[in-house]
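Report on the structure given below.
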Amino acid sequence: MRSVLMVAEKPSLALSIAKILSRGALNSRKGLSNACSVHEYSGKFQGDMVLFKVTSVCGHVMALDFEGKYNNWEKVDPSELFLAPTYKKESNPKLNIIKFLEKEARNVDSVVLWLDCDKEGENICFEVLDIVLPIMKSSGASNKQNVFRAHFSAITDKDIHAAMNSLGSPNENEALSVDARQELDLRVGCAFTRFQTKYFQGKYGNLDSSLISYGPCQTPTLGFCVERHDKIQSFKPETFWQIDVDAKCPDDGPSIRLDWARVRVFDQHVANMYLSFVKDKTKAVVQAVKSSEKKKARPNALNTVELLRTASSALGIGPQQTMQIAEQLYTQGYISYPRTETTHYPENFDFRAPLNQQTGSSSWGQYAKMLLQNGPNKPKKGHDAGDHPPITPMRSASENELGHDHWRLYDYIVRHFLATLSDDCTYLHTEIVFKIGDETFTCTGNAPLKPGFTEVMQWQSITDHQTVPKLNKGDECPIEKVYLTEKKTGPPDYLTESELISLMEKHGIGTDASIPTHINNIVQRNYVTVVPGRKLQPTNLGIVLVHGYKKIDPDLALPTMRSAVEKQLSLISQGKAHQRDVLKHATTIFQQKFHFFVDKVLSMDKLFEVSFTPLSESGKSMSRCGKCRRFMKFIATAPPRLHCSTCDETYDLPARTNIKLYKELKCPLDEFELLMCSTGTQGKNYTLCPYCYNHPPFRDMKRGSGCNACTHPGCIHSRYTLGVASCISCENGILVLDMASAPKWKMACNDNRCSTVVQLFENAHRITVTEEACEKCSAYELSVDFHKDKTPLETKETKHTGCVFCDDVFSNLIKLKQARLTVKRPPSNRGRGRGRSRGRGRKAPKDKMSQLAAYFV
């Protein structure tokens, strides 16, 4: 039987597609990648019975990066990155997606790509094809004839079956445009970011951001926020005056406020003159009553930008979180594809199907039934971007089913959809014109006639309190009060996320999919702060950066350059321009701007000097420098560093770690005082030498390593002396005895990415690692001195030596915790790395690993 491999973008999507196409008759199994399952069923494909294998990736399979040496910040000039060779590597090697796809594609006849139907999805299509085409049954050019692309916008039975019955081909031009954007952003972002970070972090101590980053989209986004901040700061208030009148309707009617037709004047003498014309008058005479029926138009169909705007302004949900929720609603089949620029429904769109889904809702079910009975109104004509239909509800749901924030977003999406099929809201607009002396005053109000779409979007409704009293021409209203009010013009407020999204859309900064990421980046980098009302207030660092760019080269912070690049990239996706030509042109321009920026960086530095504190004046004294023996200052703000003002040297320290001096002990290699680092969430402690951490003394020691990774044979804090065994839950780590943990002794993995901690003996007052290795598992044995009255030994001896894992006494006293994964296979042959003559140990037996796994909590 022939076989067909079908690949979706997410595991949940693959399961939904398989269930729909197989009508629930499928078998599921775990694949080589623990993240992705394979769902199998038999069915017809191109007239033949075939075995379908439906699986997925987890987003992008590949990531673009520079080749080896170009990732070294210390040894490579950032200017080289504009021409440095790049390559694609697996984006998340831990998931094993490449090996997984290769295994599942072996001997497969055809492949059907179910990736999301946007440019990023097309790009992932070709990432998948690069992996599976050489593996498929008939490898080579002929394989391309067995490649199919499914186009769909919702996870419903109808849409999925329709996509399966009208398979097309992937769009290589759209994939190439994404490749071009990735390469350009990598080269430009890395070059500017590396130069800025090294230059400014090396001079100032309170920047409070680990990276001084630049991004072709990120920085113009920040520029909008700073531009508004500058308008606020430069705003000069002006005093103005206005005349306010309170009058009473005839026959003891209600009091009304009359608005001056001149609105306001900016000269007090003129204001007092006008006041004198009316202050002695006792009645306001109705000159005219004008009434007209007006309409409040129903909304256009919903696209991504409008969803992001409304979620931020009305629901208080940030753009990044909004897209995460929307994607989850989409993959679960509740809404259609949430990334779309289109606000116009296709001419053949079936509105009755989604309306029928909503008739059972307790919130809007009756309204949906009414639309079905009367026939849905034809939606307004919007913008057709040619990508996906507008965002539409596809399944009914309840709040209990979705959860609070998911429900709020879903609630808005459904109400917006119902509103697009409703009548416009009609209301009566009334304006009453009064004369007081020679001055004209007005009173306006609105009265609802037909609620239309506002019946389901209540927050848009015209309410009764906006109405005006019934008056006729010639009526006289007694004046209760006339007063001159002094006010001042106010500055604009900080940009809201909603306003920023509108500006980004208007100027072509980012796409509907990437706008949330760019906004999130400037927040994460500490360039702006989200204040109440979801307003974006630039930080001192953000302000100085944008002002610096504008001082050197305004194009770096303005949206014009990125907008032009996006237009060029769209030409690639349309097949009107070659990827190589667009990349070369854009890269050359940014390369020239980078060199100019480097030459003129002192202009920006002058702004930093005013706003930030030099390293020599930052922080507090902590430990002595091994070169000059003077105290170095510890700068705790991100990124944490030690700075020696005498030697003018700066030493990076690990982030998100509590750091203190360790007993004034010194490194035997360089005489720098040792520091103790504690990661509170993991309960791990380790010592480090500031110099060795930045300048590894041995080839097998990576930059950024502590003493627990050092192979110095004579240091009492090194991995050589304190290493016990290979970590049982990660690939590269070694369990190292934590000497600072006494009296609650423990070992911890020396890989900072691993959270494995082994709790040892609380009743020991001294532990040493011996030279002897266990014959069973190759771990080095421990020699333990127990307290005399708390020894666990039946013989009441206070000293015992043995393997912490295999010895009957020790193995009952240890406890493993905070490990990320239960161990399923023994670690590779690896010892402590004490040197070639020491040997590398042996694998622990499987039954021993199973026993150890039981200790995880």
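Just so we're on the same page: first chain in the structure tokens is A, next is B, and so on; residues restart at 1 for each chain, and ligands are numbered from 1 in the order they show up.
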
Give me, as an MDAnalysis selection string, all polymer residues having an atom no more than 12 Å from region 127-135 of chain A, counting only C-alpha atoms and skipping those fewer than 5 positions away in the same chain.
chainID A and resid 4:9 55:64 88:91 97:115 120:122 140:149 169:170 172 175:176 178:179

Can you list, as an MDAnalysis selection string, all residues belonging to region 306-442 of chain A that DSSP tags as alpha helix (DSSP H)?
chainID A and resid 306:313 319:331 352:358 365:374 399:402 404:420

Long-range neighbours of region 486-494 of chain A as a PyMOL selection string, 12 Å cut-off, only C-alpha atoms, 6 positions minimum in chain
chain A and resi 224-244+264-268+271-272+500+528-538

Quick check for you: according to DSSP on this backbone, which residues of region 409-579 of chain A are classed as strand (DSSP E)? Reply as an NGL selection string.
:A and (425-436 or 439-450 or 476-488 or 528-531 or 535-538)
